[in-house]
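Note: the block below is upload.cif and it holds mmCIF, N, CA and C atoms.
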```cif
data_final
loop_
_atom_site.label_atom_id
_atom_site.label_comp_id
_atom_site.auth_asym_id
_atom_site.auth_seq_id
_atom_site.Cartn_x
_atom_site.Cartn_y
_atom_site.Cartn_z
N MET J 1 0.83 -1.19 0.00
CA MET J 1 0.00 0.00 0.00
C MET J 1 0.87 1.24 0.00
N GLN J 2 0.54 2.19 -0.88
CA GLN J 2 1.27 3.44 -0.91
C GLN J 2 0.87 4.29 0.29
N ARG J 3 1.82 4.82 0.99
CA ARG J 3 1.56 5.63 2.17
C ARG J 3 1.23 7.05 1.77
N LEU J 4 0.16 7.59 2.34
CA LEU J 4 -0.22 8.98 2.10
C LEU J 4 0.26 9.82 3.27
N VAL J 5 0.95 10.89 2.97
CA VAL J 5 1.39 11.83 3.99
C VAL J 5 0.68 13.14 3.68
N TYR J 6 -0.03 13.68 4.66
CA TYR J 6 -0.81 14.89 4.44
C TYR J 6 0.04 16.13 4.62
N LEU J 7 0.41 16.46 5.80
CA LEU J 7 1.32 17.56 6.09
C LEU J 7 2.28 17.07 7.16
N LYS J 8 3.53 17.40 7.03
CA LYS J 8 4.54 16.95 7.98
C LYS J 8 4.39 17.64 9.33
N ASN J 9 4.48 16.84 10.38
CA ASN J 9 4.58 17.32 11.76
C ASN J 9 3.43 18.21 12.24
N VAL J 10 2.20 17.93 11.80
CA VAL J 10 1.06 18.71 12.29
C VAL J 10 -0.04 17.83 12.89
N VAL J 11 0.10 16.54 12.83
CA VAL J 11 -0.94 15.62 13.29
C VAL J 11 -1.08 15.67 14.81
N THR J 12 -2.32 15.62 15.29
CA THR J 12 -2.60 15.71 16.72
C THR J 12 -2.58 14.35 17.42
N LEU J 13 -2.30 13.29 16.71
CA LEU J 13 -2.33 11.92 17.24
C LEU J 13 -1.28 11.70 18.32
N THR J 14 -1.72 11.13 19.46
CA THR J 14 -0.80 10.69 20.50
C THR J 14 -1.26 9.33 21.02
N LEU J 15 -0.32 8.53 21.45
CA LEU J 15 -0.59 7.20 22.01
C LEU J 15 0.09 7.10 23.36
N LYS J 16 -0.70 6.78 24.37
CA LYS J 16 -0.16 6.56 25.72
C LYS J 16 0.10 5.06 25.85
N GLU J 17 1.33 4.65 25.51
CA GLU J 17 1.67 3.23 25.47
C GLU J 17 1.48 2.54 26.81
N ASP J 18 1.64 3.29 27.92
CA ASP J 18 1.46 2.69 29.24
C ASP J 18 0.00 2.28 29.50
N LYS J 19 -0.96 2.89 28.79
CA LYS J 19 -2.37 2.55 28.94
C LYS J 19 -2.80 1.45 27.96
N CYS J 20 -1.99 1.17 26.94
CA CYS J 20 -2.34 0.20 25.90
C CYS J 20 -2.39 -1.22 26.47
N ASN J 21 -3.48 -1.95 26.16
CA ASN J 21 -3.59 -3.34 26.62
C ASN J 21 -3.27 -4.35 25.51
N GLY J 22 -2.88 -3.86 24.35
CA GLY J 22 -2.47 -4.74 23.26
C GLY J 22 -3.60 -5.42 22.52
N CYS J 23 -4.81 -4.87 22.58
CA CYS J 23 -5.97 -5.50 21.93
C CYS J 23 -5.87 -5.47 20.41
N GLY J 24 -5.14 -4.49 19.86
CA GLY J 24 -4.96 -4.40 18.42
C GLY J 24 -6.10 -3.73 17.67
N MET J 25 -7.07 -3.20 18.39
CA MET J 25 -8.20 -2.56 17.73
C MET J 25 -7.76 -1.39 16.84
N CYS J 26 -6.77 -0.63 17.28
CA CYS J 26 -6.29 0.50 16.49
C CYS J 26 -5.74 0.05 15.13
N LEU J 27 -5.07 -1.10 15.12
CA LEU J 27 -4.56 -1.65 13.87
C LEU J 27 -5.70 -2.05 12.94
N LYS J 28 -6.78 -2.58 13.50
CA LYS J 28 -7.91 -3.05 12.71
C LYS J 28 -8.69 -1.90 12.08
N VAL J 29 -8.86 -0.79 12.80
CA VAL J 29 -9.73 0.28 12.32
C VAL J 29 -9.01 1.40 11.57
N CYS J 30 -7.71 1.49 11.66
CA CYS J 30 -6.98 2.58 11.02
C CYS J 30 -6.91 2.35 9.50
N PRO J 31 -7.45 3.29 8.71
CA PRO J 31 -7.45 3.11 7.26
C PRO J 31 -6.08 3.31 6.61
N HIS J 32 -5.12 3.87 7.32
CA HIS J 32 -3.81 4.15 6.74
C HIS J 32 -2.66 3.44 7.43
N GLU J 33 -2.99 2.43 8.20
CA GLU J 33 -1.97 1.59 8.84
C GLU J 33 -0.93 2.42 9.59
N VAL J 34 -1.42 3.32 10.44
CA VAL J 34 -0.56 4.19 11.23
C VAL J 34 0.10 3.44 12.38
N PHE J 35 -0.58 2.38 12.86
CA PHE J 35 -0.12 1.67 14.05
C PHE J 35 0.54 0.34 13.72
N GLY J 36 1.46 -0.05 14.58
CA GLY J 36 2.06 -1.36 14.55
C GLY J 36 1.96 -1.97 15.94
N MET J 37 2.37 -3.22 16.06
CA MET J 37 2.31 -3.90 17.36
C MET J 37 3.69 -4.48 17.64
N SER J 38 4.17 -4.24 18.84
CA SER J 38 5.43 -4.80 19.29
C SER J 38 5.18 -5.45 20.64
N GLY J 39 5.34 -6.76 20.69
CA GLY J 39 4.99 -7.46 21.92
C GLY J 39 3.50 -7.34 22.14
N HIS J 40 3.11 -6.80 23.26
CA HIS J 40 1.70 -6.61 23.57
C HIS J 40 1.34 -5.12 23.68
N LYS J 41 2.04 -4.29 22.92
CA LYS J 41 1.78 -2.85 22.93
C LYS J 41 1.74 -2.31 21.51
N ALA J 42 0.79 -1.42 21.27
CA ALA J 42 0.73 -0.73 19.99
C ALA J 42 1.78 0.37 19.97
N PHE J 43 2.20 0.75 18.78
CA PHE J 43 3.09 1.89 18.61
C PHE J 43 2.70 2.61 17.33
N ILE J 44 3.10 3.86 17.20
CA ILE J 44 2.82 4.65 16.01
C ILE J 44 3.98 4.47 15.04
N ILE J 45 3.66 3.98 13.85
CA ILE J 45 4.69 3.79 12.82
C ILE J 45 5.17 5.14 12.32
N ASP J 46 4.24 6.00 11.93
CA ASP J 46 4.57 7.34 11.47
C ASP J 46 3.33 8.21 11.62
N LYS J 47 3.37 9.22 12.46
CA LYS J 47 2.22 10.10 12.70
C LYS J 47 1.76 10.79 11.43
N ASP J 48 2.67 11.04 10.51
CA ASP J 48 2.33 11.77 9.30
C ASP J 48 1.42 10.97 8.35
N TYR J 49 1.25 9.67 8.59
CA TYR J 49 0.30 8.87 7.80
C TYR J 49 -1.14 9.11 8.26
N CYS J 50 -1.32 9.68 9.44
CA CYS J 50 -2.64 9.84 10.05
C CYS J 50 -3.45 10.92 9.35
N MET J 51 -4.72 10.61 9.04
CA MET J 51 -5.62 11.60 8.45
C MET J 51 -6.58 12.17 9.49
N GLU J 52 -6.36 11.85 10.75
CA GLU J 52 -7.13 12.37 11.88
C GLU J 52 -8.62 12.05 11.76
N CYS J 53 -8.93 10.83 11.33
CA CYS J 53 -10.34 10.44 11.21
C CYS J 53 -10.95 10.13 12.57
N GLY J 54 -10.13 9.72 13.54
CA GLY J 54 -10.60 9.46 14.89
C GLY J 54 -11.04 8.03 15.17
N ALA J 55 -10.99 7.16 14.17
CA ALA J 55 -11.44 5.78 14.36
C ALA J 55 -10.66 5.07 15.46
N CYS J 56 -9.37 5.29 15.53
CA CYS J 56 -8.54 4.62 16.53
C CYS J 56 -8.95 5.02 17.94
N ALA J 57 -9.10 6.33 18.17
CA ALA J 57 -9.46 6.82 19.50
C ALA J 57 -10.86 6.36 19.91
N LEU J 58 -11.79 6.37 18.96
CA LEU J 58 -13.17 5.95 19.26
C LEU J 58 -13.26 4.47 19.60
N ASN J 59 -12.36 3.67 19.08
CA ASN J 59 -12.41 2.22 19.28
C ASN J 59 -11.42 1.69 20.29
N CYS J 60 -10.63 2.55 20.91
CA CYS J 60 -9.66 2.11 21.91
C CYS J 60 -10.35 1.92 23.26
N PRO J 61 -10.42 0.69 23.76
CA PRO J 61 -11.13 0.44 25.02
C PRO J 61 -10.39 1.00 26.24
N GLN J 62 -9.14 1.34 26.10
CA GLN J 62 -8.34 1.84 27.22
C GLN J 62 -8.17 3.36 27.21
N ASP J 63 -8.73 4.03 26.21
CA ASP J 63 -8.53 5.47 26.05
C ASP J 63 -7.04 5.83 26.00
N ALA J 64 -6.29 5.00 25.31
CA ALA J 64 -4.85 5.21 25.20
C ALA J 64 -4.49 6.09 24.01
N ILE J 65 -5.46 6.38 23.15
CA ILE J 65 -5.20 7.15 21.93
C ILE J 65 -5.99 8.45 21.97
N LEU J 66 -5.30 9.53 21.66
CA LEU J 66 -5.92 10.84 21.57
C LEU J 66 -5.66 11.41 20.18
N VAL J 67 -6.69 11.97 19.57
CA VAL J 67 -6.54 12.64 18.28
C VAL J 67 -7.71 13.61 18.12
N ARG J 68 -7.42 14.77 17.61
CA ARG J 68 -8.48 15.75 17.34
C ARG J 68 -9.04 15.44 15.96
N ALA J 69 -10.06 14.62 15.93
CA ALA J 69 -10.65 14.19 14.67
C ALA J 69 -11.34 15.34 13.96
N GLY J 70 -11.24 15.33 12.63
CA GLY J 70 -11.94 16.32 11.83
C GLY J 70 -11.30 17.68 11.79
N VAL J 71 -10.00 17.75 12.05
CA VAL J 71 -9.31 19.04 11.99
C VAL J 71 -8.31 19.02 10.85
N GLY J 72 -7.88 20.17 10.45
CA GLY J 72 -6.78 20.30 9.51
C GLY J 72 -7.14 20.09 8.06
N CYS J 73 -6.11 20.06 7.24
CA CYS J 73 -6.29 19.99 5.80
C CYS J 73 -6.84 18.65 5.33
N ALA J 74 -6.54 17.56 6.01
CA ALA J 74 -7.08 16.26 5.62
C ALA J 74 -8.60 16.28 5.70
N ALA J 75 -9.13 16.82 6.76
CA ALA J 75 -10.58 16.91 6.91
C ALA J 75 -11.17 17.82 5.84
N ALA J 76 -10.50 18.91 5.51
CA ALA J 76 -10.98 19.81 4.47
C ALA J 76 -11.02 19.14 3.11
N LEU J 77 -10.01 18.35 2.80
CA LEU J 77 -9.99 17.62 1.53
C LEU J 77 -11.13 16.61 1.45
N ILE J 78 -11.36 15.89 2.54
CA ILE J 78 -12.44 14.90 2.56
C ILE J 78 -13.79 15.59 2.43
N GLN J 79 -14.00 16.66 3.19
CA GLN J 79 -15.26 17.40 3.13
C GLN J 79 -15.48 17.97 1.73
N GLY J 80 -14.45 18.50 1.12
CA GLY J 80 -14.57 19.04 -0.23
C GLY J 80 -14.93 17.96 -1.24
N ALA J 81 -14.32 16.79 -1.11
CA ALA J 81 -14.62 15.68 -2.02
C ALA J 81 -16.05 15.19 -1.84
N LEU J 82 -16.52 15.14 -0.61
CA LEU J 82 -17.87 14.66 -0.34
C LEU J 82 -18.95 15.64 -0.79
N THR J 83 -18.66 16.93 -0.67
CA THR J 83 -19.66 17.94 -1.00
C THR J 83 -19.48 18.55 -2.38
N GLY J 84 -18.37 18.25 -3.05
CA GLY J 84 -18.10 18.82 -4.36
C GLY J 84 -17.72 20.29 -4.31
N THR J 85 -17.20 20.72 -3.16
CA THR J 85 -16.79 22.11 -2.99
C THR J 85 -15.28 22.21 -2.91
N GLU J 86 -14.79 23.42 -3.04
CA GLU J 86 -13.35 23.67 -2.92
C GLU J 86 -12.94 23.50 -1.46
N PRO J 87 -11.96 22.64 -1.17
CA PRO J 87 -11.54 22.46 0.22
C PRO J 87 -10.79 23.68 0.74
N ALA J 88 -11.14 24.11 1.93
CA ALA J 88 -10.45 25.23 2.58
C ALA J 88 -10.27 24.89 4.05
N CYS J 89 -9.04 24.80 4.48
CA CYS J 89 -8.78 24.41 5.87
C CYS J 89 -8.58 25.61 6.78
N GLY J 90 -8.34 26.77 6.21
CA GLY J 90 -8.14 27.96 7.04
C GLY J 90 -6.83 27.93 7.79
N CYS J 91 -5.81 27.27 7.24
CA CYS J 91 -4.54 27.14 7.96
C CYS J 91 -3.61 28.34 7.74
N SER J 92 -4.12 29.37 7.14
CA SER J 92 -3.34 30.61 7.06
C SER J 92 -4.31 31.78 7.29
N SER J 93 -3.79 32.97 7.36
CA SER J 93 -4.64 34.13 7.61
C SER J 93 -5.57 34.41 6.44
N ARG J 94 -5.16 34.08 5.23
CA ARG J 94 -6.06 34.22 4.09
C ARG J 94 -6.74 32.88 3.85
N LYS J 95 -7.76 32.86 3.03
CA LYS J 95 -8.45 31.61 2.75
C LYS J 95 -7.50 30.70 1.97
N ALA J 96 -7.07 29.65 2.61
CA ALA J 96 -6.09 28.75 2.02
C ALA J 96 -6.78 27.61 1.28
N SER J 97 -6.23 27.26 0.16
CA SER J 97 -6.70 26.10 -0.56
C SER J 97 -5.82 24.92 -0.17
N CYS J 98 -6.43 23.78 0.11
CA CYS J 98 -5.69 22.61 0.57
C CYS J 98 -5.29 21.70 -0.58
N SER J 99 -5.73 21.98 -1.78
CA SER J 99 -5.47 21.07 -2.89
C SER J 99 -4.13 21.29 -3.52
#
```
Go through the file and emit its structure as structure tokens.
Amino acid sequence: MQRLVYLKNVVTLTLKEDKCNGCGMCLKVCPHEVFGMSGHKAFIIDKDYCMECGACALNCPQDAILVRAGVGCAAALIQGALTGTEPACGCSSRKASCS
């Protein structure tokens, strides 16, 4: 699978490995394979693969994953594609285009 990187070093994703119980749910629900498993703990392969959809955090039974779902340019691109409008994330003082 080709890895998609949205914007470098802006993703809000964090994983509290000490809270992880190793269930692997994050690996199952993540559409971009952001997570890996080492022993009985999940780890983040690369935060920049994350599109901040929130599936991992919503499905983590231990609340070990935090992410601000629906923020940033990835969300703007998805919303624009779904609605047929020009995506605008507002990441600059002027109206920014995310495409």
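Coordinates place atom C of Leu27 (chain J) at a distance of 15.0 Å from CA of Leu13 (chain J).
Residues in contact range of Val29 (chain J), defined as at most 8 Å between all atoms listed in the file, with sequence neighbours fewer than 2 positions away removed, read Gly24, Met25, Cys26, Leu27, Pro31, His32, Glu33, Val34, Gly54, Ala55, Cys56 and Asn59 of chain J.
In this comparison, which uses only C-alpha atoms, the residue of J:Thr85, J:Asn21, J:Gln79, J:Thr12 approaching Asp48 (chain J) most closely is J:Thr12.
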Quiz item: Got a sec: who's within 10 Å of Asp63 (chain J), counting only C-alpha atoms, leaving out chain neighbours fewer than 2 positions off, as a VMD selection string?
Solution: chain J and resid 15 to 16 19 to 20 56 to 61 65 to 66
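Computed from the coordinates, the CA of Gln62 (chain J) to CA of Gly22 (chain J) distance equals 9.7 Å.
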Exercise. Could you tell me how far CA of Cys30 (chain J) lies from CA of Lys47 (chain J), in Å and to one decimal?
Key: 12.0 Å
Let me have the centre and edge lengths in Å, one decimal, of the box along x, y and z around every listed atom of region 30-34 of chain J with 4 Å of margin on each side, as lines of an AutoDock Vina configuration file.
```
center_x = -3.8
center_y = 2.8
center_z = 9.5
size_x = 15.8
size_y = 10.7
size_z = 13.8
```
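For the choices J:Ile45, J:Met51, J:Val67, J:Met37, the atom-to-atom distance to Thr14 (chain J) is smallest for J:Val67 when using only N, CA and C atoms.
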Quiz item: Smallest atom-to-atom distance to Glu17 (chain J): which of J:Thr83, J:Ala64, J:Ser38, J:Cys50, using all atoms listed in the file?
Solution: J:Ala64
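Compared by their closest atoms to Ala69 (chain J), and using only C-alpha atoms, the residues J:Glu52, J:Asp46, J:Lys8, J:Lys28 rank with J:Glu52 nearest.
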